[in-house]
Amino acid sequence: MVTQEQRKRQLAREKFLRQQQRRTSARRKARMRNSVIASVLGVVVIGSVALYTTGVLKDDDKKTNASSQTSPSAAPSAAKDPCEKPAAGSVKTQTWKKEPAVTIDESAKYTMTLATTCGDIGIALKAKAAPHTVNSFDFLAGKGFFDHTKCHRLTTNGIYVLQCGDPTGSGSGGPGYTIPDENLKDASLKANVYPAGTVAMANTGQAHTGGSQFFLVYQDSQLPPSYTPFGTLSADGMKVLKKIAAAGENTGAGDGAPNATVVINKATVTKS
């Protein structure tokens, strides 16, 4: 017969085991979530060139080259490309050793237009809140840095973003310099959520490591406030972005090259 004291000890052991199981499950979910975040927005700086990478960098070129293919488990119709063929032209490979001097008028309004193969994406830039970032984009767009570049990554699981701005189209390119983080306390970032319509910088997860790669958020995404929010999508731009997202990505796992052929034919920044 089990005594009352023995029963108490047994119940205590069972409670302890349940707590351990819950903690183990929570740690596993946290690791999976952080892995998704790092795999999409990770950046590594090597030497004088900003290299954007992920935990699966060695597979990025394969993913990019396979952007027109479906995963083995997906039906061919799931990968139908909703976009047009890219305009004639080639990507420029120029890089710079240091960030350009800030010359924008922080009191003025700036707009960036990405003329893509899937439609025009308009972005209202936050010059006053993120002057270094907006100045860098003004400089790079003026040099044709983004023209003919491919948006190389779409994430449809955990966070919901399209990543662009890499001239190599593989997740391993940048302008040769880095810029400081800015506007990390933007009023739009509440409860560690980047709301749909946000345009923000990718980085290593460490301070001041942004370069040229950026991401466009098509659905509210939970992320730590570590990525400079420097713009907001127009309504028409959001429609284009959702069309791209609806076509899916080529791995079937929620993180890969978009099935849509997303190429920035021309990027322009205008002041008004």
# chains A, B, ... in the order shown; residues from 1 in each chain; ligands from 1
>>> residues_around(residues="stretch 239-243 of chain A", least_positions_apart="3", cutoff="9 Å", atoms="only C-alpha atoms", output="PDB file with C-alpha atoms, in the first residue's frame")
ATOM      1  CA  PRO A  82       3.177  35.268 -62.681  1.00  0.00           C
ATOM      2  CA  CYS A 118       6.207  41.514 -61.522  1.00  0.00           C
ATOM      3  CA  GLY A 119       5.094  45.170 -61.426  1.00  0.00           C
ATOM      4  CA  ASP A 120       6.172  48.459 -59.877  1.00  0.00           C
ATOM      5  CA  ILE A 121       6.777  48.520 -56.120  1.00  0.00           C
ATOM      6  CA  LEU A 162      10.860  38.848 -49.821  1.00  0.00           C
ATOM      7  CA  LEU A 216       9.819  43.569 -47.831  1.00  0.00           C
ATOM      8  CA  VAL A 217       7.228  42.292 -45.360  1.00  0.00           C
ATOM      9  CA  TYR A 218       3.969  41.038 -46.914  1.00  0.00           C
ATOM     10  CA  GLN A 219       2.427  39.731 -43.672  1.00  0.00           C
ATOM     11  CA  SER A 234       2.526  51.642 -51.307  1.00  0.00           C
ATOM     12  CA  ALA A 235      -0.844  49.912 -51.709  1.00  0.00           C
ATOM     13  CA  ASP A 236       0.002  48.934 -55.295  1.00  0.00           C
ATOM     14  CA  ALA A 246       1.261  33.618 -53.652  1.00  0.00           C
ATOM     15  CA  ALA A 247       3.465  31.890 -56.252  1.00  0.00           C
ATOM     16  CA  ALA A 260       8.148  34.088 -59.509  1.00  0.00           C
TER      17      ALA A 260
END
>>> residues_around(residues="A:Glu182", least_positions_apart="6", cutoff="12 Å", atoms="only C-alpha atoms", output="list in words")
Lys126, Ala127, Lys128, Ala129, Ala130, Pro131, His132, Thr133, Val134, Ala200, Met201, Ala207, His208, Thr209, Gly210, Pro225, Ser226, Tyr227, Thr228, Pro229, Phe230 and Gly231 of chain A
>>> closest_residue(among="A:Asp181, A:Glu99, A:Glu84, A:Asp166", to="A:Phe146", atoms="only C-alpha atoms")
A:Asp166
>>> select_by_dssp(residues="stretch 73-206 of chain A", states="strand (DSSP E or B)", output="PDB file with N, CA, C and O atoms, in the first residue's frame")
ATOM      1  N   TYR A 110      11.269  61.379 -49.771  1.00  0.00           N
ATOM      2  CA  TYR A 110      11.931  60.556 -50.780  1.00  0.00           C
ATOM      3  C   TYR A 110      11.099  59.299 -51.028  1.00  0.00           C
ATOM      4  O   TYR A 110      10.538  58.719 -50.101  1.00  0.00           O
ATOM      5  N   THR A 111      11.047  58.924 -52.283  1.00  0.00           N
ATOM      6  CA  THR A 111      10.323  57.718 -52.681  1.00  0.00           C
ATOM      7  C   THR A 111      11.231  56.842 -53.538  1.00  0.00           C
ATOM      8  O   THR A 111      11.933  57.356 -54.414  1.00  0.00           O
ATOM      9  N   MET A 112      11.230  55.568 -53.264  1.00  0.00           N
ATOM     10  CA  MET A 112      11.961  54.636 -54.117  1.00  0.00           C
ATOM     11  C   MET A 112      10.963  53.806 -54.915  1.00  0.00           C
ATOM     12  O   MET A 112       9.969  53.316 -54.368  1.00  0.00           O
ATOM     13  N   THR A 113      11.215  53.670 -56.196  1.00  0.00           N
ATOM     14  CA  THR A 113      10.388  52.831 -57.050  1.00  0.00           C
ATOM     15  C   THR A 113      11.229  51.690 -57.593  1.00  0.00           C
ATOM     16  O   THR A 113      12.279  51.914 -58.199  1.00  0.00           O
ATOM     17  N   LEU A 114      10.773  50.475 -57.350  1.00  0.00           N
ATOM     18  CA  LEU A 114      11.403  49.288 -57.902  1.00  0.00           C
ATOM     19  C   LEU A 114      10.551  48.832 -59.081  1.00  0.00           C
ATOM     20  O   LEU A 114       9.443  48.309 -58.900  1.00  0.00           O
ATOM     21  N   ALA A 115      11.049  49.068 -60.283  1.00  0.00           N
ATOM     22  CA  ALA A 115      10.351  48.613 -61.478  1.00  0.00           C
ATOM     23  C   ALA A 115      10.746  47.159 -61.699  1.00  0.00           C
ATOM     24  O   ALA A 115      11.817  46.871 -62.230  1.00  0.00           O
ATOM     25  N   THR A 116       9.903  46.237 -61.254  1.00  0.00           N
ATOM     26  CA  THR A 116      10.253  44.819 -61.306  1.00  0.00           C
ATOM     27  C   THR A 116       9.515  44.111 -62.436  1.00  0.00           C
ATOM     28  O   THR A 116       8.574  44.642 -63.030  1.00  0.00           O
ATOM     29  N   GLY A 119       5.836  43.930 -61.608  1.00  0.00           N
ATOM     30  CA  GLY A 119       5.094  45.170 -61.426  1.00  0.00           C
ATOM     31  C   GLY A 119       5.905  46.164 -60.607  1.00  0.00           C
ATOM     32  O   GLY A 119       6.906  45.805 -59.991  1.00  0.00           O
ATOM     33  N   ASP A 120       5.457  47.412 -60.605  1.00  0.00           N
ATOM     34  CA  ASP A 120       6.172  48.459 -59.877  1.00  0.00           C
ATOM     35  C   ASP A 120       5.863  48.386 -58.384  1.00  0.00           C
ATOM     36  O   ASP A 120       4.703  48.250 -57.980  1.00  0.00           O
ATOM     37  N   ILE A 121       6.917  48.501 -57.577  1.00  0.00           N
ATOM     38  CA  ILE A 121       6.777  48.520 -56.120  1.00  0.00           C
ATOM     39  C   ILE A 121       7.241  49.882 -55.627  1.00  0.00           C
ATOM     40  O   ILE A 121       8.419  50.222 -55.725  1.00  0.00           O
ATOM     41  N   GLY A 122       6.304  50.666 -55.123  1.00  0.00           N
ATOM     42  CA  GLY A 122       6.616  51.989 -54.590  1.00  0.00           C
ATOM     43  C   GLY A 122       6.877  51.922 -53.096  1.00  0.00           C
ATOM     44  O   GLY A 122       6.176  51.210 -52.361  1.00  0.00           O
ATOM     45  N   ILE A 123       7.895  52.658 -52.647  1.00  0.00           N
ATOM     46  CA  ILE A 123       8.269  52.657 -51.229  1.00  0.00           C
ATOM     47  C   ILE A 123       8.474  54.085 -50.759  1.00  0.00           C
ATOM     48  O   ILE A 123       9.300  54.822 -51.321  1.00  0.00           O
ATOM     49  N   ALA A 124       7.728  54.497 -49.738  1.00  0.00           N
ATOM     50  CA  ALA A 124       7.939  55.797 -49.107  1.00  0.00           C
ATOM     51  C   ALA A 124       9.087  55.648 -48.120  1.00  0.00           C
ATOM     52  O   ALA A 124       9.019  54.841 -47.188  1.00  0.00           O
ATOM     53  N   LEU A 125      10.159  56.409 -48.324  1.00  0.00           N
ATOM     54  CA  LEU A 125      11.357  56.271 -47.505  1.00  0.00           C
ATOM     55  C   LEU A 125      11.323  57.192 -46.283  1.00  0.00           C
ATOM     56  O   LEU A 125      10.770  58.296 -46.353  1.00  0.00           O
ATOM     57  N   THR A 149      19.007  43.206 -60.845  1.00  0.00           N
ATOM     58  CA  THR A 149      19.282  42.256 -59.763  1.00  0.00           C
ATOM     59  C   THR A 149      18.037  41.441 -59.431  1.00  0.00           C
ATOM     60  O   THR A 149      16.910  41.897 -59.600  1.00  0.00           O
ATOM     61  N   LYS A 150      18.265  40.243 -58.956  1.00  0.00           N
ATOM     62  CA  LYS A 150      17.176  39.313 -58.655  1.00  0.00           C
ATOM     63  C   LYS A 150      16.872  39.320 -57.155  1.00  0.00           C
ATOM     64  O   LYS A 150      17.786  39.321 -56.324  1.00  0.00           O
ATOM     65  N   ARG A 153      15.298  35.556 -52.335  1.00  0.00           N
ATOM     66  CA  ARG A 153      14.742  34.708 -51.271  1.00  0.00           C
ATOM     67  C   ARG A 153      13.330  35.125 -50.878  1.00  0.00           C
ATOM     68  O   ARG A 153      13.031  36.301 -50.720  1.00  0.00           O
ATOM     69  N   LEU A 154      12.480  34.122 -50.726  1.00  0.00           N
ATOM     70  CA  LEU A 154      11.112  34.314 -50.245  1.00  0.00           C
ATOM     71  C   LEU A 154      10.894  33.372 -49.073  1.00  0.00           C
ATOM     72  O   LEU A 154      11.193  32.180 -49.154  1.00  0.00           O
ATOM     73  N   THR A 155      10.365  33.917 -47.979  1.00  0.00           N
ATOM     74  CA  THR A 155      10.066  33.106 -46.801  1.00  0.00           C
ATOM     75  C   THR A 155       8.571  33.122 -46.548  1.00  0.00           C
ATOM     76  O   THR A 155       7.949  34.181 -46.492  1.00  0.00           O
ATOM     77  N   THR A 156       7.990  31.936 -46.428  1.00  0.00           N
ATOM     78  CA  THR A 156       6.541  31.799 -46.272  1.00  0.00           C
ATOM     79  C   THR A 156       6.163  31.043 -45.012  1.00  0.00           C
ATOM     80  O   THR A 156       5.026  30.624 -44.853  1.00  0.00           O
ATOM     81  N   ASN A 157       7.129  30.870 -44.114  1.00  0.00           N
ATOM     82  CA  ASN A 157       6.882  30.107 -42.890  1.00  0.00           C
ATOM     83  C   ASN A 157       7.611  30.759 -41.721  1.00  0.00           C
ATOM     84  O   ASN A 157       8.820  30.947 -41.779  1.00  0.00           O
ATOM     85  N   ILE A 159       8.244  33.739 -40.688  1.00  0.00           N
ATOM     86  CA  ILE A 159       8.215  35.147 -41.058  1.00  0.00           C
ATOM     87  C   ILE A 159       7.887  35.216 -42.542  1.00  0.00           C
ATOM     88  O   ILE A 159       8.058  34.234 -43.276  1.00  0.00           O
ATOM     89  N   TYR A 160       7.431  36.384 -42.992  1.00  0.00           N
ATOM     90  CA  TYR A 160       6.835  36.476 -44.321  1.00  0.00           C
ATOM     91  C   TYR A 160       7.453  37.647 -45.075  1.00  0.00           C
ATOM     92  O   TYR A 160       6.939  38.768 -45.048  1.00  0.00           O
ATOM     93  N   VAL A 161       8.568  37.361 -45.751  1.00  0.00           N
ATOM     94  CA  VAL A 161       9.330  38.433 -46.373  1.00  0.00           C
ATOM     95  C   VAL A 161       9.893  38.008 -47.723  1.00  0.00           C
ATOM     96  O   VAL A 161      10.132  36.821 -47.981  1.00  0.00           O
ATOM     97  N   LEU A 162      10.116  39.007 -48.579  1.00  0.00           N
ATOM     98  CA  LEU A 162      10.860  38.848 -49.821  1.00  0.00           C
ATOM     99  C   LEU A 162      12.165  39.606 -49.643  1.00  0.00           C
ATOM    100  O   LEU A 162      12.152  40.777 -49.261  1.00  0.00           O
ATOM    101  N   GLN A 163      13.299  38.953 -49.900  1.00  0.00           N
ATOM    102  CA  GLN A 163      14.600  39.595 -49.691  1.00  0.00           C
ATOM    103  C   GLN A 163      15.241  39.914 -51.039  1.00  0.00           C
ATOM    104  O   GLN A 163      15.290  39.074 -51.939  1.00  0.00           O
ATOM    105  N   CYS A 164      15.750  41.139 -51.157  1.00  0.00           N
ATOM    106  CA  CYS A 164      16.322  41.637 -52.405  1.00  0.00           C
ATOM    107  C   CYS A 164      17.606  42.420 -52.092  1.00  0.00           C
ATOM    108  O   CYS A 164      18.035  42.500 -50.952  1.00  0.00           O
ATOM    109  N   ILE A 179      26.485  50.141 -43.186  1.00  0.00           N
ATOM    110  CA  ILE A 179      25.859  51.364 -42.670  1.00  0.00           C
ATOM    111  C   ILE A 179      25.334  51.097 -41.260  1.00  0.00           C
ATOM    112  O   ILE A 179      25.071  49.948 -40.895  1.00  0.00           O
ATOM    113  N   LYS A 190       5.791  47.122 -32.813  1.00  0.00           N
ATOM    114  CA  LYS A 190       5.167  46.865 -31.516  1.00  0.00           C
ATOM    115  C   LYS A 190       5.182  45.380 -31.216  1.00  0.00           C
ATOM    116  O   LYS A 190       4.904  44.551 -32.080  1.00  0.00           O
ATOM    117  N   VAL A 193       7.019  42.919 -33.589  1.00  0.00           N
ATOM    118  CA  VAL A 193       6.371  42.573 -34.856  1.00  0.00           C
ATOM    119  C   VAL A 193       6.697  43.640 -35.891  1.00  0.00           C
ATOM    120  O   VAL A 193       6.509  44.829 -35.653  1.00  0.00           O
ATOM    121  N   TYR A 194       7.210  43.195 -37.037  1.00  0.00           N
ATOM    122  CA  TYR A 194       7.369  44.067 -38.199  1.00  0.00           C
ATOM    123  C   TYR A 194       6.089  43.939 -39.021  1.00  0.00           C
ATOM    124  O   TYR A 194       5.829  42.874 -39.596  1.00  0.00           O
ATOM    125  N   THR A 198       6.198  46.869 -44.225  1.00  0.00           N
ATOM    126  CA  THR A 198       7.486  47.399 -43.777  1.00  0.00           C
ATOM    127  C   THR A 198       8.599  47.001 -44.754  1.00  0.00           C
ATOM    128  O   THR A 198       8.610  45.890 -45.280  1.00  0.00           O
ATOM    129  N   VAL A 199       9.527  47.930 -44.979  1.00  0.00           N
ATOM    130  CA  VAL A 199      10.740  47.631 -45.736  1.00  0.00           C
ATOM    131  C   VAL A 199      11.915  47.870 -44.787  1.00  0.00           C
ATOM    132  O   VAL A 199      12.032  48.951 -44.203  1.00  0.00           O
ATOM    133  N   ALA A 200      12.751  46.863 -44.599  1.00  0.00           N
ATOM    134  CA  ALA A 200      13.811  46.956 -43.594  1.00  0.00           C
ATOM    135  C   ALA A 200      15.103  46.319 -44.106  1.00  0.00           C
ATOM    136  O   ALA A 200      15.109  45.567 -45.083  1.00  0.00           O
ATOM    137  N   MET A 201      16.197  46.639 -43.402  1.00  0.00           N
ATOM    138  CA  MET A 201      17.515  46.134 -43.780  1.00  0.00           C
ATOM    139  C   MET A 201      17.782  44.749 -43.204  1.00  0.00           C
ATOM    140  O   MET A 201      17.384  44.440 -42.081  1.00  0.00           O
TER     141      MET A 201
END
>>> closest_residue(among="A:Pro167, A:Gly254, A:Gly197, A:Pro224", to="A:Gly211", atoms="only C-alpha atoms")
A:Pro167
>>> atom_distance(atom1="atom CA of A:Thr268", atom2="atom CA of A:Ala141")
5.6 Å
>>> closest_residue(among="A:Asp147, A:Glu14, A:Asp220, A:Glu106", to="A:Lys271", atoms="only C-alpha atoms")
A:Glu106
>>> select_by_dssp(residues="stretch 98-239 of chain A", states="alpha helix (DSSP H)", output="PyMOL selection string")
chain A and resi 131-142+235-239
>>> write_last_selection(atoms="N, CA, C and O atoms", output="CSV table (one decimal), in the first residue's frame")
chain,number,residue,atom,x,y,z
A,131,PRO,N,18.4,58.4,-42.0
A,131,PRO,CA,19.1,59.2,-43.0
A,131,PRO,C,20.3,58.4,-43.7
A,131,PRO,O,20.5,58.5,-44.9
A,132,HIS,N,21.1,57.6,-42.9
A,132,HIS,CA,22.2,56.9,-43.5
A,132,HIS,C,21.7,55.9,-44.5
A,132,HIS,O,22.2,55.7,-45.6
A,133,THR,N,20.6,55.2,-44.1
A,133,THR,CA,20.1,54.1,-44.9
A,133,THR,C,19.5,54.7,-46.2
A,133,THR,O,19.7,54.2,-47.3
A,134,VAL,N,18.6,55.7,-46.1
A,134,VAL,CA,18.0,56.3,-47.2
A,134,VAL,C,19.1,57.0,-48.1
A,134,VAL,O,19.0,56.9,-49.4
A,135,ASN,N,20.1,57.6,-47.5
A,135,ASN,CA,21.2,58.2,-48.3
A,135,ASN,C,21.9,57.1,-49.1
A,135,ASN,O,22.3,57.3,-50.3
A,136,SER,N,22.1,56.0,-48.5
A,136,SER,CA,22.8,54.9,-49.2
A,136,SER,C,22.0,54.3,-50.4
A,136,SER,O,22.6,54.1,-51.4
A,137,PHE,N,20.7,54.2,-50.2
A,137,PHE,CA,19.9,53.7,-51.3
A,137,PHE,C,19.8,54.8,-52.4
A,137,PHE,O,19.7,54.4,-53.6
A,138,ASP,N,19.7,56.0,-52.0
A,138,ASP,CA,19.8,57.1,-53.0
A,138,ASP,C,21.1,57.0,-53.9
A,138,ASP,O,21.0,57.1,-55.1
A,139,PHE,N,22.2,56.8,-53.2
A,139,PHE,CA,23.5,56.7,-53.8
A,139,PHE,C,23.5,55.5,-54.7
A,139,PHE,O,23.9,55.5,-55.9
A,140,LEU,N,23.2,54.3,-54.2
A,140,LEU,CA,23.3,53.1,-54.9
A,140,LEU,C,22.3,53.0,-56.1
A,140,LEU,O,22.7,52.6,-57.2
A,141,ALA,N,21.1,53.5,-55.9
A,141,ALA,CA,20.1,53.6,-57.0
A,141,ALA,C,20.7,54.5,-58.2
A,141,ALA,O,20.5,54.2,-59.3
A,142,GLY,N,21.3,55.6,-57.8
A,142,GLY,CA,21.8,56.5,-58.7
A,142,GLY,C,23.0,55.9,-59.5
A,142,GLY,O,23.2,56.3,-60.7
A,235,ALA,N,0.2,50.9,-51.6
A,235,ALA,CA,-0.8,49.9,-51.7
A,235,ALA,C,-0.6,49.1,-53.0
A,235,ALA,O,-0.8,47.8,-52.9
A,236,ASP,N,-0.3,49.7,-54.1
A,236,ASP,CA,0.0,48.9,-55.3
A,236,ASP,C,1.2,48.0,-55.1
A,236,ASP,O,1.3,46.9,-55.6
A,237,GLY,N,2.2,48.5,-54.4
A,237,GLY,CA,3.4,47.7,-54.2
A,237,GLY,C,3.1,46.5,-53.4
A,237,GLY,O,3.7,45.4,-53.6
A,238,MET,N,2.2,46.6,-52.4
A,238,MET,CA,1.8,45.5,-51.6
A,238,MET,C,1.1,44.4,-52.4
A,238,MET,O,1.3,43.2,-52.3
A,239,LYS,N,0.3,44.9,-53.4
A,239,LYS,CA,-0.4,43.9,-54.3
A,239,LYS,C,0.6,43.1,-55.1
A,239,LYS,O,0.5,41.9,-55.3
>>> closest_residue(among="A:Ala101, A:Leu41, A:Cys151, A:Ala87", to="A:Lys266", atoms="only C-alpha atoms")
A:Ala87
>>> closest_residue(among="A:Arg9, A:Gly144, A:Gly252, A:Ile244", to="A:Asp81", atoms="only C-alpha atoms")
A:Ile244
>>> atom_distance(atom1="atom CA of A:Thr95", atom2="atom CA of A:Thr168")
12.2 Å
>>> decode(residues="stretch 242-253 of chain A", atoms="all heavy atoms", output="PDB file, in the first residue's frame")
ATOM      1  N   LYS A 242       2.312  40.592 -52.756  1.00  0.00           N
ATOM      2  CA  LYS A 242       1.455  39.456 -52.423  1.00  0.00           C
ATOM      3  C   LYS A 242       1.314  38.500 -53.611  1.00  0.00           C
ATOM      4  O   LYS A 242       1.188  37.282 -53.429  1.00  0.00           O
ATOM      5  CB  LYS A 242       0.091  39.952 -51.941  1.00  0.00           C
ATOM      6  CG  LYS A 242       0.153  40.575 -50.555  1.00  0.00           C
ATOM      7  CD  LYS A 242      -1.207  40.675 -49.909  1.00  0.00           C
ATOM      8  CE  LYS A 242      -1.093  41.085 -48.444  1.00  0.00           C
ATOM      9  NZ  LYS A 242      -2.384  41.078 -47.741  1.00  0.00           N
ATOM     10  N   LYS A 243       1.342  39.045 -54.822  1.00  0.00           N
ATOM     11  CA  LYS A 243       1.317  38.192 -56.010  1.00  0.00           C
ATOM     12  C   LYS A 243       2.565  37.304 -56.052  1.00  0.00           C
ATOM     13  O   LYS A 243       2.486  36.117 -56.362  1.00  0.00           O
ATOM     14  CB  LYS A 243       1.234  39.051 -57.273  1.00  0.00           C
ATOM     15  CG  LYS A 243       1.292  38.269 -58.563  1.00  0.00           C
ATOM     16  CD  LYS A 243       1.064  39.157 -59.777  1.00  0.00           C
ATOM     17  CE  LYS A 243       2.219  40.104 -60.025  1.00  0.00           C
ATOM     18  NZ  LYS A 243       2.062  40.846 -61.309  1.00  0.00           N
ATOM     19  N   ILE A 244       3.697  37.903 -55.718  1.00  0.00           N
ATOM     20  CA  ILE A 244       4.951  37.150 -55.677  1.00  0.00           C
ATOM     21  C   ILE A 244       4.891  36.065 -54.602  1.00  0.00           C
ATOM     22  O   ILE A 244       5.270  34.908 -54.832  1.00  0.00           O
ATOM     23  CB  ILE A 244       6.127  38.099 -55.401  1.00  0.00           C
ATOM     24  CG1 ILE A 244       6.315  39.068 -56.575  1.00  0.00           C
ATOM     25  CG2 ILE A 244       7.410  37.324 -55.130  1.00  0.00           C
ATOM     26  CD1 ILE A 244       7.226  40.242 -56.259  1.00  0.00           C
ATOM     27  N   ALA A 245       4.387  36.434 -53.425  1.00  0.00           N
ATOM     28  CA  ALA A 245       4.299  35.483 -52.313  1.00  0.00           C
ATOM     29  C   ALA A 245       3.350  34.335 -52.633  1.00  0.00           C
ATOM     30  O   ALA A 245       3.610  33.182 -52.273  1.00  0.00           O
ATOM     31  CB  ALA A 245       3.858  36.203 -51.046  1.00  0.00           C
ATOM     32  N   ALA A 246       2.260  34.643 -53.334  1.00  0.00           N
ATOM     33  CA  ALA A 246       1.261  33.618 -53.652  1.00  0.00           C
ATOM     34  C   ALA A 246       1.828  32.538 -54.569  1.00  0.00           C
ATOM     35  O   ALA A 246       1.370  31.385 -54.543  1.00  0.00           O
ATOM     36  CB  ALA A 246       0.043  34.263 -54.300  1.00  0.00           C
ATOM     37  N   ALA A 247       2.845  32.877 -55.357  1.00  0.00           N
ATOM     38  CA  ALA A 247       3.465  31.890 -56.252  1.00  0.00           C
ATOM     39  C   ALA A 247       4.360  30.917 -55.496  1.00  0.00           C
ATOM     40  O   ALA A 247       4.755  29.880 -56.023  1.00  0.00           O
ATOM     41  CB  ALA A 247       4.268  32.601 -57.343  1.00  0.00           C
ATOM     42  N   GLY A 248       4.718  31.252 -54.243  1.00  0.00           N
ATOM     43  CA  GLY A 248       5.502  30.349 -53.405  1.00  0.00           C
ATOM     44  C   GLY A 248       6.989  30.368 -53.699  1.00  0.00           C
ATOM     45  O   GLY A 248       7.475  31.166 -54.499  1.00  0.00           O
ATOM     46  N   GLU A 249       7.688  29.481 -52.985  1.00  0.00           N
ATOM     47  CA  GLU A 249       9.144  29.369 -53.160  1.00  0.00           C
ATOM     48  C   GLU A 249       9.503  27.951 -53.585  1.00  0.00           C
ATOM     49  O   GLU A 249       8.691  27.042 -53.490  1.00  0.00           O
ATOM     50  CB  GLU A 249       9.876  29.796 -51.892  1.00  0.00           C
ATOM     51  CG  GLU A 249       9.395  29.158 -50.606  1.00  0.00           C
ATOM     52  CD  GLU A 249       9.905  27.755 -50.421  1.00  0.00           C
ATOM     53  OE1 GLU A 249      11.056  27.476 -50.779  1.00  0.00           O
ATOM     54  OE2 GLU A 249       9.134  26.917 -49.922  1.00  0.00           O
ATOM     55  N   ASN A 250      10.737  27.769 -54.076  1.00  0.00           N
ATOM     56  CA  ASN A 250      11.040  26.549 -54.812  1.00  0.00           C
ATOM     57  C   ASN A 250      11.456  25.342 -53.988  1.00  0.00           C
ATOM     58  O   ASN A 250      11.699  24.287 -54.540  1.00  0.00           O
ATOM     59  CB  ASN A 250      12.133  26.835 -55.859  1.00  0.00           C
ATOM     60  CG  ASN A 250      13.503  27.056 -55.234  1.00  0.00           C
ATOM     61  OD1 ASN A 250      13.621  27.388 -54.064  1.00  0.00           O
ATOM     62  ND2 ASN A 250      14.551  26.878 -56.017  1.00  0.00           N
ATOM     63  N   THR A 251      11.520  25.459 -52.660  1.00  0.00           N
ATOM     64  CA  THR A 251      11.915  24.293 -51.867  1.00  0.00           C
ATOM     65  C   THR A 251      10.722  23.532 -51.306  1.00  0.00           C
ATOM     66  O   THR A 251      10.842  22.363 -50.974  1.00  0.00           O
ATOM     67  CB  THR A 251      12.807  24.706 -50.684  1.00  0.00           C
ATOM     68  OG1 THR A 251      12.012  25.413 -49.712  1.00  0.00           O
ATOM     69  CG2 THR A 251      13.975  25.567 -51.142  1.00  0.00           C
ATOM     70  N   GLY A 252       9.599  24.218 -51.173  1.00  0.00           N
ATOM     71  CA  GLY A 252       8.440  23.604 -50.542  1.00  0.00           C
ATOM     72  C   GLY A 252       8.530  23.587 -49.034  1.00  0.00           C
ATOM     73  O   GLY A 252       7.621  23.136 -48.348  1.00  0.00           O
ATOM     74  N   ALA A 253       9.652  24.115 -48.491  1.00  0.00           N
ATOM     75  CA  ALA A 253       9.867  24.107 -47.042  1.00  0.00           C
ATOM     76  C   ALA A 253       9.600  25.463 -46.405  1.00  0.00           C
ATOM     77  O   ALA A 253       9.731  25.624 -45.200  1.00  0.00           O
ATOM     78  CB  ALA A 253      11.292  23.670 -46.735  1.00  0.00           C
TER      79      ALA A 253
END
